[in-house]
file protein.txt (compact mmCIF, C-alpha atoms)
# COMPACT_ATOMS: atom_id res chain seq x y z
CA LEU B 16 -30.48 22.38 -28.66
CA ILE B 17 -29.99 23.92 -25.22
CA THR B 18 -26.37 22.71 -25.10
CA THR B 19 -25.69 24.15 -28.57
CA TRP B 20 -27.18 27.49 -27.51
CA LEU B 21 -25.03 27.56 -24.38
CA LEU B 22 -21.89 26.77 -26.33
CA ASN B 23 -22.66 29.54 -28.82
CA ALA B 24 -23.38 31.99 -25.99
CA MET B 25 -19.98 31.17 -24.47
CA GLY B 26 -18.23 31.78 -27.78
CA ILE B 27 -17.25 28.16 -28.32
CA GLY B 28 -19.97 27.20 -30.75
CA SER B 29 -17.37 26.04 -33.23
CA SER B 30 -16.44 23.23 -30.87
CA SER B 31 -17.38 19.72 -31.97
CA VAL B 32 -18.73 19.06 -28.48
CA SER B 33 -22.51 18.70 -28.37
CA TYR B 34 -22.93 16.70 -25.15
CA LEU B 35 -21.31 17.85 -21.92
CA TYR B 36 -21.47 14.71 -19.80
CA PRO B 37 -19.78 11.27 -19.81
CA PRO B 38 -21.20 8.73 -22.26
CA SER B 39 -22.56 6.58 -19.42
CA HIS B 40 -24.87 9.46 -18.58
CA ALA B 41 -26.55 9.14 -21.97
CA LEU B 42 -26.61 5.35 -21.72
CA VAL B 43 -28.78 5.51 -18.59
CA TYR B 44 -31.55 7.14 -20.62
CA VAL B 45 -31.53 4.56 -23.43
CA PRO B 46 -34.10 2.24 -21.78
CA ILE B 47 -36.50 5.17 -21.41
CA VAL B 48 -36.12 6.01 -25.10
CA TYR B 49 -36.88 2.42 -26.06
CA LEU B 50 -39.91 2.25 -23.79
CA ALA B 51 -41.29 5.49 -25.23
CA HIS B 52 -41.29 4.19 -28.83
CA GLY B 53 -40.56 7.63 -30.23
CA ASP B 54 -43.27 9.39 -28.23
CA TYR B 55 -41.58 12.49 -26.77
CA ALA B 56 -44.40 13.16 -24.30
CA ARG B 57 -44.06 9.59 -23.02
CA VAL B 58 -40.31 10.09 -22.60
CA GLN B 59 -41.01 13.09 -20.40
CA ARG B 60 -43.53 11.20 -18.27
CA LEU B 61 -41.24 8.18 -17.87
CA GLN B 62 -38.31 10.39 -16.89
CA PHE B 63 -40.45 12.27 -14.38
CA ALA B 64 -41.67 8.97 -12.89
CA LEU B 65 -38.09 7.70 -12.66
CA GLU B 66 -36.94 10.77 -10.77
CA LEU B 67 -39.91 10.69 -8.40
CA ALA B 68 -39.02 7.05 -7.71
CA CYS B 69 -35.47 8.18 -6.96
CA LEU B 70 -36.80 10.73 -4.46
CA VAL B 71 -38.72 7.95 -2.71
CA ALA B 72 -35.57 5.79 -2.72
CA ILE B 73 -33.57 8.65 -1.20
CA ALA B 74 -36.20 9.13 1.52
CA ILE B 75 -36.04 5.42 2.37
CA ALA B 76 -32.24 5.58 2.50
CA VAL B 77 -32.41 8.53 4.90
CA ALA B 78 -34.88 6.65 7.09
CA CYS B 79 -32.68 3.53 7.06
CA LEU B 80 -29.58 5.46 8.12
CA LEU B 81 -31.50 7.22 10.88
CA GLY B 82 -32.86 3.87 11.99
CA GLU B 83 -29.30 2.55 12.28
CA MET B 84 -28.09 5.58 14.22
CA LEU B 85 -31.04 6.07 16.56
CA VAL B 86 -32.32 2.46 16.78
CA LEU B 87 -35.88 3.30 15.71
CA ASP B 88 -38.75 0.82 15.53
CA SER B 89 -40.34 -0.11 12.20
CA ALA B 90 -43.48 2.02 12.69
CA THR B 91 -41.38 5.12 13.37
CA LEU B 92 -39.18 4.38 10.37
CA PHE B 93 -42.22 4.08 8.10
CA ALA B 94 -43.65 7.39 9.32
CA LEU B 95 -40.24 9.03 9.02
CA GLY B 96 -39.83 7.79 5.47
CA CYS B 97 -43.19 9.33 4.52
CA VAL B 98 -42.20 12.66 6.08
CA ILE B 99 -38.86 12.69 4.28
CA CYS B 100 -40.67 11.99 0.99
CA LEU B 101 -42.80 15.04 1.67
CA VAL B 102 -39.75 17.17 2.50
CA LEU B 103 -37.96 16.15 -0.68
CA GLY B 104 -41.07 16.68 -2.77
CA LEU B 105 -41.86 20.18 -1.55
CA ASN B 106 -39.96 21.78 -4.41
CA VAL B 107 -39.21 19.43 -7.28
CA GLY B 108 -38.90 22.31 -9.71
CA ASN B 109 -35.93 24.65 -9.72
CA GLN B 110 -34.32 23.21 -6.59
CA LEU B 111 -34.23 19.59 -7.78
CA GLY B 112 -34.64 19.96 -11.53
CA VAL B 113 -37.06 17.04 -11.70
CA GLU B 114 -39.29 18.88 -14.17
CA ARG B 115 -36.31 19.16 -16.55
CA GLY B 116 -35.07 15.62 -16.14
CA GLN B 117 -31.86 16.54 -14.31
CA SER B 118 -29.95 13.40 -13.40
CA ASP B 119 -28.49 14.55 -10.06
CA VAL B 120 -31.38 12.94 -8.20
CA ILE B 121 -30.32 9.63 -9.79
CA THR B 122 -26.73 10.15 -8.60
CA ALA B 123 -28.07 10.89 -5.12
CA ALA B 124 -30.16 7.72 -5.05
CA LEU B 125 -27.21 5.61 -6.21
CA GLY B 126 -24.78 7.13 -3.72
CA TRP B 127 -26.96 7.02 -0.62
CA TRP B 128 -28.19 3.51 -1.32
CA ALA B 129 -24.56 2.48 -1.75
CA LEU B 130 -24.06 3.60 1.85
CA VAL B 131 -27.17 1.72 3.03
CA ALA B 132 -25.97 -1.41 1.23
CA PHE B 133 -22.54 -1.03 2.82
CA GLN B 134 -24.19 -0.82 6.25
CA ARG B 135 -25.79 -4.19 5.60
CA ARG B 136 -22.54 -5.53 4.12
CA TRP B 137 -24.10 -6.08 0.72
CA LEU B 138 -20.70 -5.34 -0.72
CA VAL B 139 -21.38 -6.31 -4.33
CA LEU B 140 -24.39 -4.01 -4.48
CA SER B 141 -22.62 -1.23 -2.60
CA ALA B 142 -19.61 -1.26 -4.93
CA PHE B 143 -21.89 -1.42 -7.98
CA LEU B 144 -23.88 1.62 -6.84
CA CYS B 145 -20.75 3.56 -5.83
CA THR B 146 -19.21 3.04 -9.24
CA ALA B 147 -22.46 3.88 -11.01
CA SER B 148 -22.66 7.18 -9.11
CA VAL B 149 -19.29 8.14 -10.60
CA LEU B 150 -20.13 7.21 -14.18
CA LEU B 151 -23.09 9.56 -14.54
CA LYS B 152 -21.41 12.93 -14.00
CA GLY B 153 -18.35 12.13 -11.91
CA TYR B 154 -19.68 13.77 -8.74
CA GLY B 155 -19.32 10.52 -6.79
CA ILE B 156 -15.62 9.98 -7.55
CA LEU B 157 -14.27 10.86 -4.10
CA PHE B 158 -17.13 9.06 -2.35
CA ALA B 159 -16.67 5.90 -4.41
CA VAL B 160 -12.90 5.71 -3.95
CA GLY B 161 -13.23 5.90 -0.17
CA MET B 162 -16.16 3.50 0.09
CA ILE B 163 -14.54 0.90 -2.13
CA ALA B 164 -11.28 1.19 -0.19
CA VAL B 165 -13.13 0.56 3.08
CA ALA B 166 -15.25 -2.26 1.62
CA MET B 167 -12.16 -4.05 0.33
CA ARG B 168 -11.07 -4.59 3.94
CA LEU B 169 -14.15 -6.79 4.33
CA SER B 170 -14.00 -8.61 0.98
CA TRP B 171 -11.96 -7.45 -1.98
CA ARG B 172 -13.52 -10.11 -4.23
CA ARG B 173 -17.12 -9.00 -3.67
CA THR B 174 -16.15 -5.34 -3.84
CA MET B 175 -14.26 -5.73 -7.12
CA LEU B 176 -17.10 -7.84 -8.54
CA GLY B 177 -19.62 -5.08 -7.89
CA ALA B 178 -17.38 -2.35 -9.30
CA ALA B 179 -16.52 -4.45 -12.37
CA ALA B 180 -20.21 -5.15 -13.00
CA ALA B 181 -20.98 -1.42 -13.02
CA VAL B 182 -18.13 -0.74 -15.43
CA ALA B 183 -19.21 -3.60 -17.69
CA ILE B 184 -22.84 -2.47 -17.82
CA LEU B 185 -22.55 1.31 -17.79
CA PHE B 186 -19.14 2.06 -19.30
CA VAL B 187 -17.92 -0.67 -21.65
CA PRO B 188 -20.83 -0.30 -24.14
CA VAL B 189 -20.01 3.39 -24.61
CA ALA B 190 -16.23 3.30 -24.09
CA ARG B 191 -15.65 4.34 -27.70
CA TYR B 192 -17.05 7.78 -26.83
CA VAL B 193 -14.39 8.49 -24.20
CA PRO B 194 -12.44 10.90 -26.48
CA ASP B 195 -15.64 12.93 -26.91
CA ALA B 196 -16.16 12.83 -23.14
CA ILE B 197 -12.67 14.20 -22.54
CA ALA B 198 -13.36 17.07 -24.93
CA ALA B 199 -16.68 17.69 -23.19
CA TYR B 200 -14.97 17.73 -19.80
CA ARG B 201 -12.61 20.47 -20.97
CA VAL B 202 -15.58 22.57 -21.98
CA ARG B 203 -17.73 21.79 -18.96
CA SER B 204 -14.97 22.31 -16.39
CA ALA B 205 -14.27 25.81 -17.72
CA MET B 206 -17.87 27.03 -17.35
CA PHE B 207 -18.58 29.60 -14.67
CA TRP B 208 -21.92 31.35 -14.25
CA SER B 209 -22.20 34.10 -11.68
CA SER B 210 -25.77 33.43 -10.60
CA TRP B 211 -27.64 32.80 -7.35
CA THR B 212 -28.33 29.29 -8.61
CA ASN B 213 -24.60 28.49 -8.67
CA GLN B 214 -23.72 26.92 -5.30
CA SER B 215 -20.00 26.40 -5.98
CA PHE B 216 -17.13 27.61 -3.83
CA ALA B 217 -16.03 29.76 -6.77
CA ASN B 218 -19.33 31.61 -6.90
CA LEU B 219 -19.27 32.15 -3.14
CA MET B 220 -15.83 33.73 -3.43
CA HIS B 221 -17.04 35.83 -6.36
CA TYR B 222 -19.89 37.30 -4.33
CA LEU B 223 -17.67 37.84 -1.29
CA GLY B 224 -15.34 39.87 -3.47
CA VAL B 225 -12.21 37.84 -2.73
CA PRO B 226 -9.87 36.19 -5.28
CA ARG B 227 -12.04 33.51 -6.79
CA GLU B 228 -9.53 30.81 -7.55
CA GLN B 229 -7.55 31.11 -4.31
CA GLY B 230 -10.71 31.06 -2.24
CA ARG B 231 -12.09 28.13 -4.19
CA ILE B 232 -8.94 26.07 -3.63
CA THR B 233 -8.82 26.97 0.07
CA LEU B 234 -12.42 25.87 0.68
CA ALA B 235 -11.93 22.73 -1.40
CA LEU B 236 -8.87 21.77 0.67
CA ALA B 237 -10.79 22.39 3.89
CA ALA B 238 -13.64 20.21 2.64
CA LEU B 239 -11.15 17.55 1.57
CA ALA B 240 -9.61 17.56 5.06
CA CYS B 241 -13.06 16.98 6.57
CA THR B 242 -13.61 14.17 4.09
CA PHE B 243 -10.37 12.43 5.06
CA ALA B 244 -11.12 12.84 8.79
CA ALA B 245 -14.55 11.25 8.34
CA TRP B 246 -13.09 8.46 6.19
CA PHE B 247 -10.50 7.54 8.84
CA ALA B 248 -13.22 7.47 11.50
CA LEU B 249 -15.35 5.19 9.29
CA ASN B 250 -12.37 2.99 8.45
CA ARG B 251 -11.68 2.39 12.16
CA ARG B 252 -15.20 1.00 12.60
CA VAL B 253 -15.53 -1.11 9.48
CA LEU B 254 -14.47 -4.42 11.07
CA PHE B 255 -16.78 -4.03 14.08
CA TYR B 256 -20.16 -5.18 12.83
CA GLU B 257 -21.86 -4.45 16.14
CA ASP B 258 -21.03 -0.74 15.91
CA ARG B 259 -23.75 -0.14 13.32
CA ALA B 260 -24.65 3.28 14.70
CA GLY B 261 -21.05 4.49 14.52
CA ARG B 262 -20.62 3.25 10.97
CA ALA B 263 -23.90 4.83 9.89
CA PHE B 264 -22.91 8.14 11.45
CA TRP B 265 -19.40 8.36 10.05
CA GLY B 266 -20.52 6.92 6.72
CA THR B 267 -23.07 9.72 6.47
CA VAL B 268 -20.49 12.35 7.41
CA TYR B 269 -18.05 10.91 4.88
CA ALA B 270 -20.64 10.79 2.09
CA THR B 271 -21.79 14.35 2.78
CA ALA B 272 -18.25 15.73 2.95
CA SER B 273 -17.00 13.87 -0.12
CA PHE B 274 -19.95 14.89 -2.29
CA SER B 275 -19.71 18.48 -1.02
CA THR B 276 -16.00 18.63 -1.85
CA VAL B 277 -16.49 17.64 -5.48
CA LEU B 278 -19.61 19.76 -5.98
CA GLY B 279 -18.06 22.79 -4.32
CA TYR B 280 -14.84 22.50 -6.30
CA SER B 281 -16.76 22.50 -9.58
CA LEU B 282 -16.95 25.98 -11.07
CA ASN B 283 -20.64 25.46 -11.71
CA CYS B 284 -22.74 23.70 -9.08
CA ILE B 285 -26.33 24.53 -9.89
CA ALA B 286 -28.94 24.39 -7.12
CA TYR B 287 -30.46 21.10 -8.25
CA SER B 288 -27.13 19.35 -7.57
CA CYS B 289 -27.68 19.94 -3.86
CA ILE B 290 -30.04 16.95 -3.78
CA ILE B 291 -26.83 14.89 -3.67
CA THR B 292 -25.81 16.33 -0.29
CA MET B 293 -29.30 17.03 1.06
CA PRO B 294 -29.85 13.47 2.40
CA GLY B 295 -26.74 13.78 4.56
CA ALA B 296 -27.87 17.14 5.86
CA LEU B 297 -31.26 15.66 6.77
CA VAL B 298 -29.71 12.67 8.56
CA LEU B 299 -27.26 14.77 10.55
CA THR B 300 -29.95 17.30 11.43
CA LEU B 301 -32.36 14.66 12.69
CA ALA B 302 -29.69 12.66 14.53
CA GLN B 303 -28.54 15.29 17.02
CA GLU B 304 -28.43 12.69 19.80
CA ARG B 305 -25.88 10.66 17.86
CA LEU B 306 -23.82 13.78 17.13
CA VAL B 307 -23.35 14.26 20.86
CA VAL B 308 -22.42 10.60 21.41
CA GLN B 309 -19.90 10.49 18.57
call {"tool": "encode", "arguments": {"input": "protein.txt", "output": "structure tokens"}}
result
Amino acid sequence: LITTWLLNAMGIGSSSVSYLYPPSHALVYVPIVYLAHGDYARVQRLQFALELACLVAIAIAVACLLGEMLVLDSATLFALGCVICLVLGLNVGNQLGVERGQSDVITAALGWWALVAFQRRWLVLSAFLCTASVLLKGYGILFAVGMIAVAMRLSWRRTMLGAAAAVAILFVPVARYVPDAIAAYRVRSAMFWSSWTNQSFANLMHYLGVPREQGRITLALAALACTFAAWFALNRRVLFYEDRAGRAFWGTVYATASFSTVLGYSLNCIAYSCIITMPGALVLTLAQERLVVQ
């Protein structure tokens, strides 16, 4: 209903598009629908519980990456994980969209745990999670391409197995809806809302009063350059297992830059999408000692 209202408000209500995300995005919610047995209130509670679990998973991922970079003991990691849970849970409303069932927190959990799995060289799991982060809304596309390319230097078989498993589970069952997804992408990619909740490069340029499209492209290219620089630094360290701190640092920089590039380039990047880059910001903020070393 909300999507239909938005389409009508934008003057494209005659479009046959009624769902603005890839079909895999809808598939993720199917288990919740089955578990709810038609009870809408139960669907809401299950979705809320799922997203709170994702916040906890993100907090643990942040703690794990900090542990790798700063060589922290287990007691400190446990306390840090609890604090990060509190930080992420301070505003689960408008900022994270948890009360509305926004899926960006799921993308964040998939992406940052893909990096943790890569750190431990669980390449099948890492590639699976990377690919899954792309299939929900596409925000993880740049991140996944780089991570899979790096992981293939260690084992192309395990990396391809993980990626293929994600495609088989999350994409193949709904592949017949790809034409609808392409139509939805055309609609979604053209949306632009000039609002304080829009965190995109385009909206920043709009409020600065400079040419929107030129400014958007310029910032996107700058972000892409940072992404490539971080990826090359990570790629140089991938074969050296003992340099765990270096890989954790540059992996975090790469993940943050790659997610930020895609989110910023999008015409609409609503505030709750920032949960995807927030873990990287937390890690880099708390790891100032490693910033100096690197």
call {"tool": "closest_residue", "arguments": {"input": "protein.txt", "among": "B:Gly53, B:Leu239, B:Trp128, B:Pro37", "to": "Cys79 in chain B", "atoms": "all atoms listed in the file"}}
result
B:Trp128
call {"tool": "closest_residue", "arguments": {"input": "protein.txt", "among": "B:Leu282, B:Ala248, B:Pro194, B:Phe207", "to": "Ile232 in chain B", "atoms": "only C-alpha atoms"}}
result
B:Leu282
call {"tool": "atom_distance", "arguments": {"input": "protein.txt", "atom1": "CA of Val139 in chain B", "atom2": "CA of Thr174 in chain B"}}
result
5.3 Å
call {"tool": "closest_residue", "arguments": {"input": "protein.txt", "among": "B:Asp88, B:Glu83, B:Glu66, B:Asp258", "to": "Asp119 in chain B", "atoms": "all atoms listed in the file"}}
result
B:Glu66
call {"tool": "closest_residue", "arguments": {"input": "protein.txt", "among": "B:Trp127, B:Tyr34, B:Trp265, B:Trp208", "to": "Thr292 in chain B", "atoms": "all atoms listed in the file"}}
result
B:Trp127
call {"tool": "atom_distance", "arguments": {"input": "protein.txt", "atom1": "CA of Thr276 in chain B", "atom2": "CA of Ala132 in chain B"}}
result
22.6 Å
call {"tool": "atom_distance", "arguments": {"input": "protein.txt", "atom1": "CA of Ala245 in chain B", "atom2": "CA of Val182 in chain B"}}
result
26.9 Å
call {"tool": "closest_residue", "arguments": {"input": "protein.txt", "among": "B:Leu87, B:Ile184, B:Leu81, B:Leu138", "to": "Ile163 in chain B", "atoms": "all atoms listed in the file"}}
result
B:Leu138
call {"tool": "closest_residue", "arguments": {"input": "protein.txt", "among": "B:Val102, B:Val120, B:Leu42, B:Ile197", "to": "Leu67 in chain B", "atoms": "only C-alpha atoms"}}
result
B:Val120
call {"tool": "residues_around", "arguments": {"input": "protein.txt", "residues": "Val77 in chain B", "least_positions_apart": "3", "cutoff": "9 Å", "atoms": "only C-alpha atoms", "output": "list in words"}}
result
Ala72, Ile73, Ala74, Leu80, Leu81, Gly82, Leu95, Gly96, Ile99, Trp127, Val131, Pro294, Gly295, Leu297 and Val298 of chain B
call {"tool": "residues_around", "arguments": {"input": "protein.txt", "residues": "Glu257 in chain B", "least_positions_apart": "4", "cutoff": "12 Å", "atoms": "only C-alpha atoms", "output": "VMD selection string"}}
result
chain B and resid 83 to 84 134 to 135 252 to 253 261 to 263
call {"tool": "residues_around", "arguments": {"input": "protein.txt", "residues": "Leu65 in chain B", "least_positions_apart": "4", "cutoff": "12 Å", "atoms": "only C-alpha atoms", "output": "ChimeraX atom specification"}}
result
/B:43-44,46-47,58-61,69-72,113-114,116-118,120-121,124
call {"tool": "residues_around", "arguments": {"input": "protein.txt", "residues": "Ala190 in chain B", "least_positions_apart": "5", "cutoff": "10 Å", "atoms": "all atoms listed in the file", "output": "JSON, numbers by chain"}}
result
{"B": [37, 38, 39, 182, 183, 185, 196]}
call {"tool": "residues_near_point", "arguments": {"input": "protein.txt", "point": "(-19.7, -3.7, 0.1)", "cutoff": "12 Å", "atoms": "all atoms listed in the file", "output": "PyMOL selection string"}}
result
chain B and resi 128-146+159+161-178+253
call {"tool": "write_last_selection", "arguments": {"input": "protein.txt", "atoms": "C-alpha atoms", "output": "short mmCIF file (atom, residue, chain, number, x, y, z; two decimals), in the frame of the given file"}}
result
data_model
loop_
_atom_site.label_atom_id
_atom_site.label_comp_id
_atom_site.auth_asym_id
_atom_site.auth_seq_id
_atom_site.Cartn_x
_atom_site.Cartn_y
_atom_site.Cartn_z
CA TRP B 128 -28.19 3.51 -1.32
CA ALA B 129 -24.56 2.48 -1.75
CA LEU B 130 -24.06 3.60 1.85
CA VAL B 131 -27.17 1.72 3.03
CA ALA B 132 -25.97 -1.41 1.23
CA PHE B 133 -22.54 -1.03 2.82
CA GLN B 134 -24.19 -0.82 6.25
CA ARG B 135 -25.79 -4.19 5.60
CA ARG B 136 -22.54 -5.53 4.12
CA TRP B 137 -24.10 -6.08 0.72
CA LEU B 138 -20.70 -5.34 -0.72
CA VAL B 139 -21.38 -6.31 -4.33
CA LEU B 140 -24.39 -4.01 -4.48
CA SER B 141 -22.62 -1.23 -2.60
CA ALA B 142 -19.61 -1.26 -4.93
CA PHE B 143 -21.89 -1.42 -7.98
CA LEU B 144 -23.88 1.62 -6.84
CA CYS B 145 -20.75 3.56 -5.83
CA THR B 146 -19.21 3.04 -9.24
CA ALA B 159 -16.67 5.90 -4.41
CA GLY B 161 -13.23 5.90 -0.17
CA MET B 162 -16.16 3.50 0.09
CA ILE B 163 -14.54 0.90 -2.13
CA ALA B 164 -11.28 1.19 -0.19
CA VAL B 165 -13.13 0.56 3.08
CA ALA B 166 -15.25 -2.26 1.62
CA MET B 167 -12.16 -4.05 0.33
CA ARG B 168 -11.07 -4.59 3.94
CA LEU B 169 -14.15 -6.79 4.33
CA SER B 170 -14.00 -8.61 0.98
CA TRP B 171 -11.96 -7.45 -1.98
CA ARG B 172 -13.52 -10.11 -4.23
CA ARG B 173 -17.12 -9.00 -3.67
CA THR B 174 -16.15 -5.34 -3.84
CA MET B 175 -14.26 -5.73 -7.12
CA LEU B 176 -17.10 -7.84 -8.54
CA GLY B 177 -19.62 -5.08 -7.89
CA ALA B 178 -17.38 -2.35 -9.30
CA VAL B 253 -15.53 -1.11 9.48
#
